[in-house]
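A short write-up of the structure that comes next.
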Amino acid sequence: MTKQNVVVSDCSSRSGMVTVAASTSALFSPPEALAALGGHIAMSEKKLLKRLEAGGGRVNAWVDSMRDSSPSRIKSTTEKEEQSSWILRHPSALRKFGQIISASKGKQIVMFLDYDGTLSPIVEDPDRAFMSREMREVVRDVARYFPTAIVSGRCRAKVYKFVRLAELYYAGSHGMDIKGPSKSRKCNKGNQAVIFQAATEFLPMIHEAHKALLEKTNSIPGAKVENNKFCLSVHFRCVDEKRWAALAEQVRLVISAYPKLKLTQGRKVLEIRPIIKWDKGKALEFLLESLGYASSSDVFPVYIGDDQTDEDAFKVLRNRGQGFGILVSRVAKETSATYSLQEPSEAGLFNPNMHLLGNFCGYWWTGKDYHCMQGQ
């Protein structure tokens with residue numbers, strides 16, 4: 001893994017924190033419980049970016065990609081057939097829960113959860129993407145049994161305000177800003193509370209780009225620019241489709257002035273972030289490594305997300321040959337996830353099943369990590 005800026009706080013000395021640049025593999029011991037997860041659509045992102053970065057002449061192709069990423073039309077017969085075929089390749093995680101139980105037998109489960117579109121519905125105003133009280137209780141129950149983390153494109157502080165569960169790990173800004181639980185388990189000797197920030201040197205540039213985007217998009221009704229600390233989000237859910245090309249051009253003009261920033265895309269949102277090689281997949285690896293599961297055969301990560309940015313995490317799990325990715329989507333999308341769920345409410349049904357699974361894990365898992373969690 002690449003060298004990044006890391007802050008480590010020793011549990012036995014809460015007053016002192018030091019900032020160092022070091023290899024994550026050499027620095028961290030498992031912080032007891034950890035995990036991450038997140039999500040969104042599966043478009044051909046690399047082609048999209050090349051089209052955008054090439055200049056305004058290709059903005060129309062980019063707008064077509066924006067349209068494809070936000071389907072709202074009635075499906076044709078052919079599309080319905082494709083959906084059925086897709087479901088066969090990515091079956092419902094609820095219907096296949098027995099298979100998941102079987103595959104996880106004797107292993108330590110770690111839960112990674114995206115926020116928008118996974119724990120909360122996608123809404124017009126991103127500042128009102130509240131999770132339900134029932135979903136919060138579900139996540140709280142799951143975290144009693146398994147290390148659990150929220151991985152989101154939102155800034156970490158905002159995600160925490162939405163979720164309000166101190167016992168979780170939070171990875172904001174697509175995993176570039178990670179913090180362990182403030183309501184932690186007993187701090188045993190050798191364990192450390194971890195704060196990880198991958199792109200602090202880009203903060204002044206991101207601040208400048210944020211101001212530029214606010215100015216450039218001000219004339220486009222419905223456009224909303226969100227500062228997520230280590231990345232920026234341009235929401236176009238409330239923008240008339242006829243103005244998408246104008247919005248795309250304004251975003252292109254801004255990022256062209258910042259060659260160290262890149263563009264990615266989600267569900268009716270454009271993301272501007274640093275060009276460093278860090279994403280939700282890298283965050284997942286970092287968290288598993290921090291837990292002590294970097295090369296373990298006894299770990300079973302489950303990642304639930306709905307976004308294109310979650311595909312990086314799905315690919316990591318597929319390449320590791322451990323655990324499963326679960327895509328939350330009503331439409332067929334190219335994905336590396338193994339299973340699917342239709343909507344956030346189904347994620348809310350899947351997680352209580354994981355809670356029930358926790359009741360039985362004592363029969364399967366005899367390692368010290370499980371028994372430590374069981375005694376919370």
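Within each chain, counting starts at residue 1; across the structure tokens, chains are named A, B, ... in the order shown, with ligands numbered 1 upward in that order.
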DSSP-assigned helix (DSSP H, G or I) among segment 102-327 of chain A, expressed as a VMD selection string: chain A and resid 102 to 104 126 to 128 133 to 145 156 to 163 173 to 175 200 to 217 241 to 255 280 to 291 308 to 320
Could you write out that same residue set with C-alpha atoms as a PDB file, in the first residue's frame?
ATOM      1  CA  SER A 102     -22.625 -21.606   4.797  1.00  0.00           C
ATOM      2  CA  ALA A 103     -19.727 -19.674   3.244  1.00  0.00           C
ATOM      3  CA  SER A 104     -19.110 -17.685   6.448  1.00  0.00           C
ATOM      4  CA  PRO A 126     -28.548  15.528  -0.049  1.00  0.00           C
ATOM      5  CA  ASP A 127     -28.649  17.406   3.271  1.00  0.00           C
ATOM      6  CA  ARG A 128     -31.869  15.546   4.127  1.00  0.00           C
ATOM      7  CA  ARG A 133     -34.755   5.025  13.293  1.00  0.00           C
ATOM      8  CA  GLU A 134     -35.379   1.379  12.445  1.00  0.00           C
ATOM      9  CA  MET A 135     -32.337   1.230  10.161  1.00  0.00           C
ATOM     10  CA  ARG A 136     -30.180   2.836  12.850  1.00  0.00           C
ATOM     11  CA  GLU A 137     -31.229   0.153  15.333  1.00  0.00           C
ATOM     12  CA  VAL A 138     -30.480  -2.549  12.772  1.00  0.00           C
ATOM     13  CA  VAL A 139     -26.945  -1.237  12.241  1.00  0.00           C
ATOM     14  CA  ARG A 140     -26.456  -0.886  15.994  1.00  0.00           C
ATOM     15  CA  ASP A 141     -27.452  -4.526  16.489  1.00  0.00           C
ATOM     16  CA  VAL A 142     -25.164  -5.762  13.708  1.00  0.00           C
ATOM     17  CA  ALA A 143     -22.229  -3.827  15.215  1.00  0.00           C
ATOM     18  CA  ARG A 144     -22.727  -5.664  18.508  1.00  0.00           C
ATOM     19  CA  TYR A 145     -21.660  -8.875  16.798  1.00  0.00           C
ATOM     20  CA  ARG A 156     -16.800  11.812   7.616  1.00  0.00           C
ATOM     21  CA  ALA A 157     -18.314  14.371  10.010  1.00  0.00           C
ATOM     22  CA  LYS A 158     -21.530  14.619   7.992  1.00  0.00           C
ATOM     23  CA  VAL A 159     -21.956  10.838   7.780  1.00  0.00           C
ATOM     24  CA  TYR A 160     -21.493  10.602  11.524  1.00  0.00           C
ATOM     25  CA  LYS A 161     -24.217  13.234  12.065  1.00  0.00           C
ATOM     26  CA  PHE A 162     -26.573  11.119   9.944  1.00  0.00           C
ATOM     27  CA  VAL A 163     -25.768   7.773  11.590  1.00  0.00           C
ATOM     28  CA  SER A 173     -14.493  11.118   1.333  1.00  0.00           C
ATOM     29  CA  HIS A 174     -14.428   7.718  -0.433  1.00  0.00           C
ATOM     30  CA  GLY A 175     -12.172   6.289   2.252  1.00  0.00           C
ATOM     31  CA  THR A 200      -4.268  16.394   3.503  1.00  0.00           C
ATOM     32  CA  GLU A 201      -1.889  18.149   1.109  1.00  0.00           C
ATOM     33  CA  PHE A 202      -4.775  18.575  -1.368  1.00  0.00           C
ATOM     34  CA  LEU A 203      -7.051  20.457   1.029  1.00  0.00           C
ATOM     35  CA  PRO A 204      -6.077  24.009  -0.111  1.00  0.00           C
ATOM     36  CA  MET A 205      -6.612  23.001  -3.758  1.00  0.00           C
ATOM     37  CA  ILE A 206      -9.979  21.404  -2.988  1.00  0.00           C
ATOM     38  CA  HIS A 207     -11.012  24.551  -1.111  1.00  0.00           C
ATOM     39  CA  GLU A 208     -10.183  26.671  -4.163  1.00  0.00           C
ATOM     40  CA  ALA A 209     -11.993  24.319  -6.544  1.00  0.00           C
ATOM     41  CA  HIS A 210     -15.037  24.399  -4.269  1.00  0.00           C
ATOM     42  CA  LYS A 211     -15.267  28.176  -4.496  1.00  0.00           C
ATOM     43  CA  ALA A 212     -14.809  28.015  -8.274  1.00  0.00           C
ATOM     44  CA  LEU A 213     -17.550  25.409  -8.660  1.00  0.00           C
ATOM     45  CA  LEU A 214     -19.956  27.449  -6.555  1.00  0.00           C
ATOM     46  CA  GLU A 215     -19.366  30.427  -8.813  1.00  0.00           C
ATOM     47  CA  LYS A 216     -19.537  28.493 -12.097  1.00  0.00           C
ATOM     48  CA  THR A 217     -22.690  26.520 -11.256  1.00  0.00           C
ATOM     49  CA  GLU A 241     -31.995  17.454 -18.063  1.00  0.00           C
ATOM     50  CA  LYS A 242     -31.806  20.159 -20.728  1.00  0.00           C
ATOM     51  CA  ARG A 243     -29.224  21.951 -18.558  1.00  0.00           C
ATOM     52  CA  TRP A 244     -26.989  18.927 -17.961  1.00  0.00           C
ATOM     53  CA  ALA A 245     -24.707  19.846 -20.856  1.00  0.00           C
ATOM     54  CA  ALA A 246     -24.249  23.366 -19.467  1.00  0.00           C
ATOM     55  CA  LEU A 247     -23.470  21.957 -16.040  1.00  0.00           C
ATOM     56  CA  ALA A 248     -21.005  19.446 -17.496  1.00  0.00           C
ATOM     57  CA  GLU A 249     -19.207  22.232 -19.339  1.00  0.00           C
ATOM     58  CA  GLN A 250     -18.877  24.355 -16.193  1.00  0.00           C
ATOM     59  CA  VAL A 251     -17.481  21.422 -14.215  1.00  0.00           C
ATOM     60  CA  ARG A 252     -15.049  20.689 -17.052  1.00  0.00           C
ATOM     61  CA  LEU A 253     -13.816  24.278 -17.024  1.00  0.00           C
ATOM     62  CA  VAL A 254     -13.124  24.117 -13.295  1.00  0.00           C
ATOM     63  CA  ILE A 255     -11.284  20.785 -13.188  1.00  0.00           C
ATOM     64  CA  LYS A 280     -13.150   2.518  -1.264  1.00  0.00           C
ATOM     65  CA  GLY A 281     -11.327  -0.664  -2.197  1.00  0.00           C
ATOM     66  CA  LYS A 282      -8.079   0.665  -0.732  1.00  0.00           C
ATOM     67  CA  ALA A 283      -9.997   1.767   2.364  1.00  0.00           C
ATOM     68  CA  LEU A 284     -11.417  -1.734   2.756  1.00  0.00           C
ATOM     69  CA  GLU A 285      -7.916  -3.229   2.528  1.00  0.00           C
ATOM     70  CA  PHE A 286      -6.602  -0.699   5.029  1.00  0.00           C
ATOM     71  CA  LEU A 287      -9.345  -1.516   7.515  1.00  0.00           C
ATOM     72  CA  LEU A 288      -8.899  -5.264   7.199  1.00  0.00           C
ATOM     73  CA  GLU A 289      -5.154  -4.793   7.626  1.00  0.00           C
ATOM     74  CA  SER A 290      -5.725  -2.661  10.715  1.00  0.00           C
ATOM     75  CA  LEU A 291      -7.878  -5.451  12.136  1.00  0.00           C
ATOM     76  CA  GLN A 308     -20.070   3.063  -8.984  1.00  0.00           C
ATOM     77  CA  THR A 309     -17.492   4.006  -6.358  1.00  0.00           C
ATOM     78  CA  ASP A 310     -18.368   0.831  -4.430  1.00  0.00           C
ATOM     79  CA  GLU A 311     -17.189  -1.261  -7.355  1.00  0.00           C
ATOM     80  CA  ASP A 312     -13.595  -0.729  -6.190  1.00  0.00           C
ATOM     81  CA  ALA A 313     -14.473  -2.534  -2.958  1.00  0.00           C
ATOM     82  CA  PHE A 314     -16.410  -5.268  -4.764  1.00  0.00           C
ATOM     83  CA  LYS A 315     -13.369  -5.939  -6.948  1.00  0.00           C
ATOM     84  CA  VAL A 316     -11.088  -6.192  -3.920  1.00  0.00           C
ATOM     85  CA  LEU A 317     -13.341  -8.842  -2.362  1.00  0.00           C
ATOM     86  CA  ARG A 318     -13.585 -10.772  -5.618  1.00  0.00           C
ATOM     87  CA  ASN A 319      -9.797 -10.680  -6.073  1.00  0.00           C
ATOM     88  CA  ARG A 320      -9.257 -11.791  -2.473  1.00  0.00           C
TER      89      ARG A 320
END
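Distances from A:Leu341, A:Ala294, A:Ala171, A:Val302 to Phe324 of chain A were compared using only C-alpha atoms, and the smallest one belongs to A:Val302.
The residue that comes closest to Ser120 of chain A, out of A:Ser152, A:Lys262, A:Val269, A:Val234 and on the basis of only C-alpha atoms, is A:Ser152.
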Where does DSSP see strand (DSSP E or B) in segment 120-225 of chain A, if you list the residues as JSON, numbers by chain? {"A": [120, 148, 149, 150, 151, 169, 170, 171, 172, 177, 178, 179, 192, 193, 194, 195, 196, 197, 224, 225]}
Contact residues around Thr148 of chain A with only C-alpha atoms at 10 Å, ignoring same-chain residues under 2 positions, as a list in words: Ala33, Leu34, Ala35, Ala36, Leu37, Ile109, Val110, Met111, Phe112, Leu113, Val139, Arg140, Val142, Ala143, Arg144, Tyr145, Phe146, Ile150, Val151, Glu167, Leu168, Tyr169, Tyr170, Pro181, Pro301 and Val302 of chain A
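Nearest residue to Thr264 of chain A, choosing from A:Pro221, A:Gly305, A:Gly325, A:Gly153 and counting only C-alpha atoms: A:Gly153.
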Distance of atom CA of Leu327 of chain A from atom CA of Pro91 of chain A, expressed in Å to one decimal place: 10.1 Å
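The protein and nucleic acid residues lying at most 6 Å from Asn228 of chain A are Arg154, Cys155, Phe230, Cys231 and Leu232 of chain A, with only C-alpha atoms considered and sequence neighbours fewer than 2 positions away removed.
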